[in-house]
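Data first, discussion second: the structure below is written as structure tokens.
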Amino acid sequence: MRLFNKNIAKFLLASSLVFFVQSIQAGVAVITHPGVKEIGLSKSKLADIYMGKIKKYSNGTPIKAVDLPANSSERKKFYKTVVKKSESAMNRYWSKLKYTGKGKSPKVLNSTREVLQWVAANEGAIGYIDGKYLNKSVKVVLILP
Amino acid sequence: MKIRVISIFTGLLVLFAPLSHAEVEISGYATFAATKGSAKDTNGNNANYVNSLVNKNVQFDKNTHLGLQIFADVSEKIDITAVIHAGGNPDNFNAAAQWLYATYAFSDELSLRMGKYKAPFYMVSDYEDVGYAYPWVRPPLEVYSTNPIEAFSGVNMVYQSSLSDDVSMLLEVFAGSGTHSSSYIPSTTDAPTGAPYNGLGDSTKKGTQISFETPNAKGFNLSFSGEIGTFRVGYFETSVNAAAFGITEQSGSFGGVGLNIDWNNLVIYSEYVVRDTAAALAGAFPDQQAYYATFGYRIDKFLPYVTYAKLAKGKDASPYAQLQSSVALGLRTEVSDTAALKIEVMKVTPEKNSLAGFNTTTSGYGLYNNPVKSGTVVTVSFDVIF
């Protein structure tokens, strides 16, 4: 009986934690590899990163930015609120640079799961996902509510 | 034995390890276009525009083209880029590598390219074929026809740097050589008296292509980009050989400035270029200057624009200089995030005594006695990136 109560208590604690975590992380979460120690990744810094203007963190580690597919709602939200450019404006921007190798648009991965795995596995990686899929394998740097 | 097998296996692994890390990316662009022109000479016969780029029939092939970029990340510092291009004009859709170069990155800012590349003569040289990247159906021909050089083989040093939070700088210094061909202009015309270039009097050379070499070409392109737009300046010089026309080591230079503003909904493009050549080149490549200005205003998915362009005499006031102006009205519509539909109506007016971009088949009438008064070109194009 005591054991049972303990389990119930654990369960309640865990579920309240889950609830707590979810409630603050609903929205789009900007995530990095856990090894990224960069301080002050503001929206304008993130915009520069996603436009290829900043290529390294301040400690010299190369930044590896990844995108979700073009039709994803998280991508639309990220670009609208952080980069402040429409998808077609971004496409025009990259089409002036990418065919002649003067810039390289972020790598596009197929799903939230792929982004999570990729960001967790690659040093210097940065991405964004729906906050409800967050786990401990990555570091959260910004939540876009 | 076992050890040997293992060591061979390990050796192979080591050998192929870099290859397995090579990341290959393919992306592309395409333009599908239809053009129709209408122009008559004073004899009432139809005239074509820019070597039949446009004529009285609806043509689907002359502006239609496709490019595929293949990018291979060979190692952290080395990558290889190829752009394979196939177009209706002038290659009849034969695919060719328009760009093919290896890049070595010394740092994030500085890299060296070696191979075949399109030189940055103009504002949109880098993406001249990527219709999706700009408002027009094609870059204004008055300016974009003044340098007949398509691509070089050589080296190109690229320095990219941030000057402040908002302003970035790009400096390209390039050197190379190439063999090119250009329409021998004027193509269907009568020679004026006192022609500076004696080849013009030779009827077998009229209307042909002039093949020429540029052995010691060198130049630079410097641009500054910020939130509101880009400003660029460039200069280039070369010596020119054209054996069939008896031209050896004649000098030519080409310079230009350009401005592109894309701020809030306002879109402005403007460029000015100058071509300066030795007297012996005045027949095929007379001195010219040219400019254009485009003003557009983005309204949601629509970008209406107007362009005025002018091709004028250069320093030597050569009688072969092409003289014309044009006004174009266009509308670009974003069909999706990766596709645009454009329609443009352009009125081209050659100046007195110049046939400019036109040619006429009326025999006995040419540049100096039968100019086309004006012509209209309508183009619809569909531009995609993928």
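We name chains A, B, ... following the order of the structure tokens; residues begin at 1 in each chain, and ligands are numbered from 1 as shown.
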
- Skipping near chain neighbours, those fewer than 6 positions away, what residues fall within 8 Å of Val155 (chain B) using only C-alpha atoms, listed as a PyMOL selection string? chain B and resi 112-115+174-176

The selected residues should be written to file as a CSV table (one decimal), in the first residue's frame (atoms: C-alpha atoms).
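Produced file selection-v7.csv, reproduced below:
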```csv
chain,number,residue,atom,x,y,z
B,112,LEU,CA,39.7,31.0,-54.1
B,113,ARG,CA,37.9,29.6,-57.0
B,114,MET,CA,39.5,27.8,-59.9
B,115,GLY,CA,37.8,26.8,-63.1
B,174,PHE,CA,39.5,37.7,-61.1
B,175,ALA,CA,41.9,36.8,-63.9
B,176,GLY,CA,41.6,34.4,-66.7
```

For the contact check between chain A and chain B, emit one row per residue of chain A within 8 Å, containing the shortest atom pair and the distance in Å rounded to one decimal, counting only C-alpha atoms, chain then rising number order, as CSV.
```
residue,atom,partner,partner_atom,distance
A:Lys53,CA,B:Ser162,CA,7.7
A:Lys55,CA,B:Asp108,CA,7.2
A:Glu87,CA,B:Asp337,CA,5.9
A:Ser88,CA,B:Asp337,CA,4.4
A:Asn91,CA,B:Thr338,CA,6.7
A:Arg92,CA,B:Ala133,CA,5.0
A:Tyr93,CA,B:Ala133,CA,7.4
A:Ser95,CA,B:Ala133,CA,5.7
A:Lys96,CA,B:Tyr127,CA,5.7
A:Leu97,CA,B:Asp126,CA,7.6
A:Tyr99,CA,B:Gln69,CA,6.2
A:Thr100,CA,B:Asp126,CA,6.1
A:Gly101,CA,B:Thr81,CA,7.2
```

Would you output that residue set with all heavy atoms, as a CSV table (one decimal), in the first residue's frame?
```csv
chain,number,residue,atom,x,y,z
A,53,LYS,N,24.7,35.2,-42.8
A,53,LYS,CA,25.6,36.3,-42.6
A,53,LYS,C,26.6,36.1,-41.4
A,53,LYS,O,27.6,36.6,-41.4
A,53,LYS,CB,24.8,37.6,-42.3
A,53,LYS,CG,24.1,38.1,-43.5
A,53,LYS,CD,23.2,39.3,-43.2
A,53,LYS,CE,22.4,39.8,-44.3
A,53,LYS,NZ,21.4,40.8,-43.9
A,55,LYS,N,28.5,33.0,-39.7
A,55,LYS,CA,28.8,31.6,-40.0
A,55,LYS,C,29.4,30.8,-38.8
A,55,LYS,O,29.6,29.6,-38.8
A,55,LYS,CB,29.7,31.5,-41.2
A,55,LYS,CG,29.0,31.9,-42.5
A,55,LYS,CD,29.9,32.0,-43.6
A,55,LYS,CE,29.2,32.6,-44.8
A,55,LYS,NZ,29.9,33.7,-45.5
A,87,GLU,N,8.6,33.6,-47.2
A,87,GLU,CA,9.2,32.5,-47.9
A,87,GLU,C,9.7,32.9,-49.3
A,87,GLU,O,10.8,32.5,-49.6
A,87,GLU,CB,8.2,31.3,-48.0
A,87,GLU,CG,8.8,30.0,-48.3
A,87,GLU,CD,9.6,29.3,-47.2
A,87,GLU,OE1,9.4,29.6,-46.1
A,87,GLU,OE2,10.5,28.6,-47.6
A,88,SER,N,8.9,33.6,-50.0
A,88,SER,CA,9.3,33.9,-51.4
A,88,SER,C,10.5,35.0,-51.3
A,88,SER,O,11.4,34.9,-52.2
A,88,SER,CB,8.1,34.4,-52.2
A,88,SER,OG,7.5,35.5,-51.6
A,91,ASN,N,13.5,33.0,-50.7
A,91,ASN,CA,13.9,32.2,-51.9
A,91,ASN,C,14.5,33.2,-53.0
A,91,ASN,O,15.5,32.8,-53.6
A,91,ASN,CB,12.6,31.6,-52.6
A,91,ASN,CG,12.2,30.3,-51.8
A,91,ASN,OD1,13.1,29.7,-51.1
A,91,ASN,ND2,11.0,30.0,-51.9
A,92,ARG,N,14.0,34.4,-53.1
A,92,ARG,CA,14.7,35.3,-54.0
A,92,ARG,C,16.1,35.7,-53.5
A,92,ARG,O,17.0,35.7,-54.2
A,92,ARG,CB,13.9,36.6,-54.1
A,92,ARG,CG,12.6,36.5,-55.0
A,92,ARG,CD,12.1,37.9,-55.3
A,92,ARG,NE,11.7,38.7,-54.2
A,92,ARG,CZ,10.5,38.6,-53.6
A,92,ARG,NH1,9.6,37.8,-54.1
A,92,ARG,NH2,10.2,39.4,-52.6
A,93,TYR,N,16.2,35.8,-52.2
A,93,TYR,CA,17.5,36.2,-51.5
A,93,TYR,C,18.5,35.0,-51.8
A,93,TYR,O,19.6,35.3,-52.3
A,93,TYR,CB,17.3,36.3,-50.0
A,93,TYR,CG,18.5,36.5,-49.2
A,93,TYR,CD1,19.2,37.7,-49.1
A,93,TYR,CD2,19.1,35.4,-48.5
A,93,TYR,CE1,20.4,37.8,-48.4
A,93,TYR,CE2,20.2,35.5,-47.8
A,93,TYR,CZ,20.9,36.8,-47.7
A,93,TYR,OH,22.0,36.9,-47.0
A,95,SER,N,18.4,32.7,-54.1
A,95,SER,CA,18.6,32.4,-55.6
A,95,SER,C,19.6,33.4,-56.2
A,95,SER,O,20.2,33.1,-57.2
A,95,SER,CB,17.3,32.4,-56.3
A,95,SER,OG,16.7,33.7,-56.3
A,96,LYS,N,19.8,34.5,-55.5
A,96,LYS,CA,20.9,35.4,-55.9
A,96,LYS,C,22.3,35.0,-55.5
A,96,LYS,O,23.3,35.4,-56.1
A,96,LYS,CB,20.6,36.8,-55.4
A,96,LYS,CG,19.4,37.5,-56.0
A,96,LYS,CD,19.2,38.9,-55.3
A,96,LYS,CE,17.9,39.5,-55.9
A,96,LYS,NZ,17.7,40.8,-55.4
A,97,LEU,N,22.3,34.1,-54.5
A,97,LEU,CA,23.6,33.7,-54.0
A,97,LEU,C,24.0,32.3,-54.2
A,97,LEU,O,25.2,32.0,-54.5
A,97,LEU,CB,23.6,34.0,-52.4
A,97,LEU,CG,23.3,35.4,-51.9
A,97,LEU,CD1,23.1,35.3,-50.4
A,97,LEU,CD2,24.5,36.3,-52.3
A,99,TYR,N,23.4,29.8,-56.5
A,99,TYR,CA,23.9,29.2,-57.8
A,99,TYR,C,25.3,29.5,-58.1
A,99,TYR,O,25.9,28.8,-58.9
A,99,TYR,CB,22.9,29.6,-58.9
A,99,TYR,CG,21.5,29.1,-58.7
A,99,TYR,CD1,20.5,29.9,-58.4
A,99,TYR,CD2,21.3,27.7,-58.7
A,99,TYR,CE1,19.2,29.5,-58.1
A,99,TYR,CE2,20.0,27.2,-58.4
A,99,TYR,CZ,19.0,28.1,-58.1
A,99,TYR,OH,17.7,27.7,-57.8
A,100,THR,N,25.9,30.5,-57.5
A,100,THR,CA,27.3,30.8,-57.8
A,100,THR,C,28.1,30.6,-56.5
A,100,THR,O,29.2,31.1,-56.5
A,100,THR,CB,27.4,32.3,-58.2
A,100,THR,OG1,26.7,33.1,-57.3
A,100,THR,CG2,26.8,32.5,-59.6
A,101,GLY,N,27.6,29.9,-55.6
A,101,GLY,CA,28.4,29.5,-54.4
A,101,GLY,C,28.7,30.7,-53.5
A,101,GLY,O,29.6,30.5,-52.7
```

- Task: Could you give me, as JSON, numbers by chain, the residues within 8 Å of Ile268 (chain B), counting only C-alpha atoms and dropping anything in the same chain fewer than 3 positions from it?
- Result: {"B": [259, 260, 261, 262, 293, 294, 295, 296]}

- Message: Using DSSP secondary structure from the backbone, list all strand (DSSP E) positions within region 219-360 of chain B, as a ChimeraX atom specification.
- Response: /B:219-225,229-242,247-263,266-277,288-297,302-313,324-336,339-350,358-360
